[in-house]
Protein chains: 2
Amino acid sequence: MAEEKLPTRAENFAEWYNQLVLKAELADYAPVRGCMVVRPYGWALWENITAALDKRFKETGHMNAAFPTLIPMSFFEKEKEHVEGFAPELAVVTHGGGEKLEEPLAVRPTSETIIGYMYSKWIKSWRDLPVLINVWGSVLRWELRTKLFLRTAEFYWQEGHTAHATKEEALEEMYRILDLYADFAVNEAAVPVIKGRKSETERFAGAQITTSIEGMMQDKRALQSATSHYFGQNFAKAFEIQYLDKNNSLQFCETTSWGLSTRMIGAIIMVHGDDQGLILPPRLAPIQAIIVPIFKNDAEKSKVMEVADKVFAELKTAGIRVKLDDRDNVSSGFKFNDWEMRGVPLRVEIGPRDVEKGSVALARRDVPGRDGKSFVSQTGLASTVSGLLTEIQDALLKRATAFRDANIHEPKSYDELKKIVEDGWAFAWWCGSAECEAKVKEETKATTRNIPFDQPKSEGKCVVCGNKATQKVYFAKAY
Amino acid sequence: MAEEKLPTRAENFAEWYNQLVLKAELADYAPVRGCMVVRPYGWALWENITAALDKRFKETGHMNAAFPTLIPMSFFEKEKEHVEGFAPELAVVTHGGGEKLEEPLAVRPTSETIIGYMYSKWIKSWRDLPVLINVWGSVLRWELRTKLFLRTAEFYWQEGHTAHATKEEALEEMYRILDLYADFAVNEAAVPVIKGRKSETERFAGAQITTSIEGMMQDKRALQSATSHYFGQNFAKAFEIQYLDKNNSLQFCETTSWGLSTRMIGAIIMVHGDDQGLILPPRLAPIQAIIVPIFKNDAEKSKVMEVADKVFAELKTAGIRVKLDDRDNVSSGFKFNDWEMRGVPLRVEIGPRDVEKGSVALARRDVPGRDGKSFVSQTGLASTVSGLLTEIQDALLKRATAFRDANIHEPKSYDELKKIVEDGWAFAWWCGSAECEAKVKEETKATTRNIPFDQPKSEGKCVVCGNKATQKVYFAKAY
C-alpha cells in the first residue's frame, strides 16, 4: 500500500486525508453505503483511546453497561426536540424473524431514550443516586456524504448517561466529564482543545446545555472532538425518572449525557500528520518503536538479527510497544516508508556497523531527516527510548498548540471576521442572537464553535450587528 | 433487591436462575422483546471475561477490528447452508433516513459474510496470510422464547475470523482456539468443559467441522459454552477470497470462525451458584473481597472504620479487587445477604473485638457457615486473602468437576440411555447416523453434545441401533 505517494496537504488536504486513512490501513469503506470497517491498525489505536478514557471514567466512579441496539420507535416521540433532531436520521427495522413487526424498531442513533426507560425502572430512592453509567458501542445515523472516521452512518463511541438528585450535581458531572475529555485530548492525543458551551443553535437535540471541546486541524477547520450535555429534567419528565427524596417526596432526576467517538482518530490524523503519512502520539500509538534491521548478506543478517532480537526483547520488557520488522521480501527503504506512513513515533535502525560499535540509530517520526536522527548506545536503550517517546509526545502537543494559537485572530469588524474564517478561527464578540450566528454561517460557512469558559472581564460589541456583547465566541469552518 | 429469598435450586432451577440474574443485578429485560440490558455488575463480570480472552487472543497473534452492524441481504444468499440457517432469524432494516432502501439490510446475526467480502478485497498474496482478526460486539438473531444470557435476540460475544493458505493451518487454528477456550473456561471460570466435535446435524450453518466446549450445569443439562468452526473453502468460494501462492497461481483461502458469548455468564451462574445466590470464581469476580465493618455505636464505628479503611487500602494496593461496604442505612446482616447474593468470593468482617485483637474474620462464599470462616491476623492480610482466593478458585473447579464426573454415565442399552439422560449425561457408543441421533432427540429430548477428542481405543455397538460404532458421543438435554 505504501508504494504510492500521498498527495501533499498543501495540494489537497481532503484527498491527503482520504488516501492516508486507506494507505495506513486504519479503515476501509464497507459495502453498506455510509458505513466503515475499522481495520486492525485503526482499531488498535481506538483500543488505546478507549483504555485511556475508560481508566478516567472508572476513577471518577462510573461503571460500564450494555443496552440494546434496537429501540421502539415510539420512544423517540417522548422528547419533542429529541425526535425532531433524530427522526430524519434513523435506520428502521420493520421485519423480524420473517414477519412484519407490530411496532417498528430503530437502530439506536444515541441511547438517551432506552436508558431513560431503564433508569425509570431502576431508580426509586435518593439512595439509588447518582447513577453513573457509560456504554462502549456503536450508533447509527443515516448519512449519505461520508468521510471515514469524521462522518459515517455507523460510528464507534462511548456514551455516558447519568442521573442525579440535584441540578448542581448534574452540572458538576457535565463539567467534570468535559474536563476529563480535555485532559485526555491534551495529555494522551496531544490535541490542544478549547472547552466551552455550544450556542443554542448548535446544542444537542433535547439538551439544556451542550458543552464541547474543539480542536483545530491543519487545514484550520475546527473539529468538535467530544460533547457533554446537561438535560435538566427534560428526559426525566419524558421517561418518568423519579426518586423519593429524604422527605419521602417524589422528585424528577436531573440527567446528563456525554460522548467521544472515533472522530477523535480523525483529529489525531489531521492535527499531527505530514506529507509522509500519520504521526501518532506515542501515548496512543499501537506501535511506539519499530526496529528495522539493515544488512546486505546472510553473514551480516545473522549478526544484525541477533542484536535486533536482543533490543526487541529489552524494549518489550520495559513496557514499550515495539515491533521488529523482519520481513525479508522488502527493502529497508520500503520499510522506512511503510512505518512512516503508519506514523510509528520512533524508528530503531540496526546495521552491521551498529553491531560492531554497540550502537543503534534512532529516527524521530516527528522530525524528518538528519535533525531527527541520533546515534545512541545499546546500553540503557530502553530508558533512552522511553525518554525520547516522552519528548516526542511533548513536541507534538507544543507544535499543535503553537499552530492553533497562530491561527486564531480577533476581528475588529465583520469584514475582518469574513477574511479570518477563510483561513483560521475568529475569536469575536457576539451578542448571542441566532440571527447574527445564521448570518455568519450563510455568508462565510463558518459556525459558532463554542463560547469558551475563559472570557475577558470586559464587554464589547457584537462583531456582526454591533449591539452590546457580553461574551466572545469562536467562529470557524468545521468538519 | 436482596430482601426476598430465592426459590431453591431443588424447588425450581429455572426460576432460581431467572430471579438470581435479576436480584444480583446482572441483567434486566429490555423493552424490546427478546433483548436484554446487561447491568453494571454483569458487565463488570463480562469485562473480566473479555480481558482474560483478549489477552489469549493477542498472545496467539490475533488483532481486533470492527465491521458494520448492517449487512446487505444479498450477502446471505451467497452461501447456501448459511442462508438456510440464518434467514429465518434476521431482523431487517427496510428504511433509512426516511426513505425505503433499494436493498434491505440485515442486522448482523454473525459476520462471516461481510468479513468474507472485506477479506476478498484485502487478501492478494500468500504474503498477506494468515489474516487473524477478532471482533468484540453484539449480534442479533430473532428469538421469541428468551432467557437472560442463555438465549436472547441480541447477545454480546466475540467472533474470530481467520483466513489461511492451507487446510492444515486452518484446522490448526480451529483447534488452537478450542484449546484456548477450554483453558479459559477451566482456569478462569472454573467451569470444567469437554472438548469435541459436533455432529453434522448440530454443526454451524456453512461449516465443514464445528467443535465445541460443553459444560454441565447443576441441573445436569449441558451448555455449549463456545464453538470453533472450520469452513474449508465454502466461504472463500462464496466471497472469492483468493490469493496468489508462491508459484503465482490463484488459490482459494481456507477459513475459520469461532465465538464465545455472554452465555458463559449463564454457565458461571449455573455451575457455581447456590441457594443464597451467585458464587463467582475469584479470577473473574468484579469484587473479590467485600469488607463489612460491624459496630453498634459511634465510638465503635470510628475505631472500626479506621481499621477498615486501612485494610481496604492494603488489599487494593496488593491488586485485589476489594470494596468497603460503608453504607449506614442497612444492617450488617442485610449486607451479608446482599454480597452473598452477588457471589463475592470472600467477606472480610471487622468488629470492635477485631480492632482490639488485631484480627479480622474471613468468610468464604463457597463454604457457608462456620466451616468457611477463619479468624486471621491483620498483619500480612493481603497475602492471606490472595492465598485464600486461589484456594477458592481451585475448590470451585474441583467441586464442579466432581459433580460433572459423578453425573456422566455409560449406558449399556438404549433403555439405560433413556434413564440416564433424564438426570445426567450419557457417554455412549454411536454409529454416527443422523437417524439414531434424531430418534434419541425425539424420544428423550437429549441431543448429541459433542464427540470428544479423547476416545477409547476399542470399538463398540451403537447404543441406539446396535450397529458397529467407532466413536463415543455425549448425549444430554441442553440449553
# chains A, B, ... in the order shown; residues from 1 in each chain; ligands from 1
call {"tool": "residues_around", "arguments": {"residues": "Lys167 (chain B)", "least_positions_apart": "2", "cutoff": "9 Å", "atoms": "only C-alpha atoms", "output": "compact mmCIF listing (two decimals) with C-alpha atoms, in the first residue's frame"}}
result
# COMPACT_ATOMS: atom_id res chain seq x y z
CA HIS B 164 -5.22 -19.28 5.80
CA ALA B 165 -3.25 -20.61 2.85
CA GLU B 169 -3.15 -24.23 9.03
CA ALA B 170 -6.88 -23.57 9.20
CA LEU B 171 -7.50 -26.78 11.14
CA GLU B 172 -4.62 -25.94 13.45
CA GLY B 232 -12.85 -25.30 4.30
CA GLN B 233 -13.23 -23.18 1.15
CA CYS B 253 -8.23 -19.47 1.15
CA GLU B 254 -9.26 -21.81 3.93
CA THR B 255 -11.22 -20.01 6.66
call {"tool": "select_by_dssp", "arguments": {"residues": "region 211-334 of chain A", "states": "helix (DSSP H, G or I)", "output": "ChimeraX atom specification"}}
result
/A:234-239,263-272,298-317,332-334
call {"tool": "interface_residues", "arguments": {"of": "chain A", "to": "chain B", "cutoff": "6 Å", "atoms": "only C-alpha atoms", "output": "PyMOL selection string"}}
result
chain A and resi 37-40+43+63-67+88-93+95-98+142
call {"tool": "write_last_selection", "arguments": {"atoms": "C-alpha atoms", "output": "tab-separated table (two decimals), in the first residue's frame"}}
result
chain	number	residue	atom	x	y	z
A	37	VAL	CA	-14.71	-1.02	8.57
A	38	VAL	CA	-12.11	-0.18	11.17
A	39	ARG	CA	-9.07	-2.28	10.32
A	40	PRO	CA	-6.79	-3.85	12.93
A	43	TRP	CA	-8.80	-0.48	15.98
A	63	MET	CA	-19.30	1.75	35.50
A	64	ASN	CA	-19.93	0.32	32.05
A	65	ALA	CA	-23.09	-1.49	30.97
A	66	ALA	CA	-24.81	-2.52	27.74
A	67	PHE	CA	-28.20	-1.51	26.36
A	88	PRO	CA	-34.76	12.03	9.92
A	89	GLU	CA	-31.55	10.03	10.54
A	90	LEU	CA	-32.99	6.72	11.74
A	91	ALA	CA	-32.47	3.29	10.23
A	92	VAL	CA	-35.66	1.32	10.84
A	93	VAL	CA	-36.19	-2.39	11.38
A	95	HIS	CA	-39.31	-7.12	9.92
A	96	GLY	CA	-38.00	-9.72	12.34
A	97	GLY	CA	-37.95	-13.50	12.16
A	98	GLY	CA	-39.69	-13.38	8.79
A	142	TRP	CA	-28.23	7.81	8.28
call {"tool": "atom_distance", "arguments": {"atom1": "CA of Thr210 (chain A)", "atom2": "CA of Phe453 (chain A)"}}
result
12.7 Å
call {"tool": "residues_around", "arguments": {"residues": "Pro452 (chain A)", "least_positions_apart": "6", "cutoff": "9 Å", "atoms": "only C-alpha atoms", "output": "ChimeraX atom specification"}}
result
/A:194-198,471-474
call {"tool": "residues_around", "arguments": {"residues": "Ser374 (chain A)", "least_positions_apart": "3", "cutoff": "12 Å", "atoms": "only C-alpha atoms", "output": "PDB file with C-alpha atoms, in the first residue's frame"}}
result
ATOM      1  CA  LEU A 346      10.331   6.166  16.612  1.00  0.00           C
ATOM      2  CA  ARG A 347      12.393   4.020  14.268  1.00  0.00           C
ATOM      3  CA  VAL A 348      15.313   1.973  15.603  1.00  0.00           C
ATOM      4  CA  GLU A 349      17.805   1.119  12.841  1.00  0.00           C
ATOM      5  CA  SER A 359      25.060   1.454  18.925  1.00  0.00           C
ATOM      6  CA  VAL A 360      21.732   1.926  17.169  1.00  0.00           C
ATOM      7  CA  ALA A 361      20.334   4.796  15.096  1.00  0.00           C
ATOM      8  CA  LEU A 362      17.094   6.379  16.288  1.00  0.00           C
ATOM      9  CA  ALA A 363      14.892   8.326  13.874  1.00  0.00           C
ATOM     10  CA  ARG A 364      12.056  10.512  15.167  1.00  0.00           C
ATOM     11  CA  VAL A 367      11.360  15.454  12.893  1.00  0.00           C
ATOM     12  CA  PRO A 368      12.165  14.133   9.405  1.00  0.00           C
ATOM     13  CA  GLY A 369      15.709  13.876   8.083  1.00  0.00           C
ATOM     14  CA  ARG A 370      19.015  14.395   9.864  1.00  0.00           C
ATOM     15  CA  ASP A 371      17.640  16.645  12.592  1.00  0.00           C
ATOM     16  CA  SER A 377      24.475   3.246  22.741  1.00  0.00           C
ATOM     17  CA  THR A 384      16.766   6.303  26.066  1.00  0.00           C
ATOM     18  CA  VAL A 385      13.763   5.243  24.002  1.00  0.00           C
ATOM     19  CA  LEU A 388      12.586  10.129  23.585  1.00  0.00           C
TER      20      LEU A 388
END
call {"tool": "atom_distance", "arguments": {"atom1": "CA of Val330 (chain A)", "atom2": "CA of Gly266 (chain A)"}}
result
29.7 Å
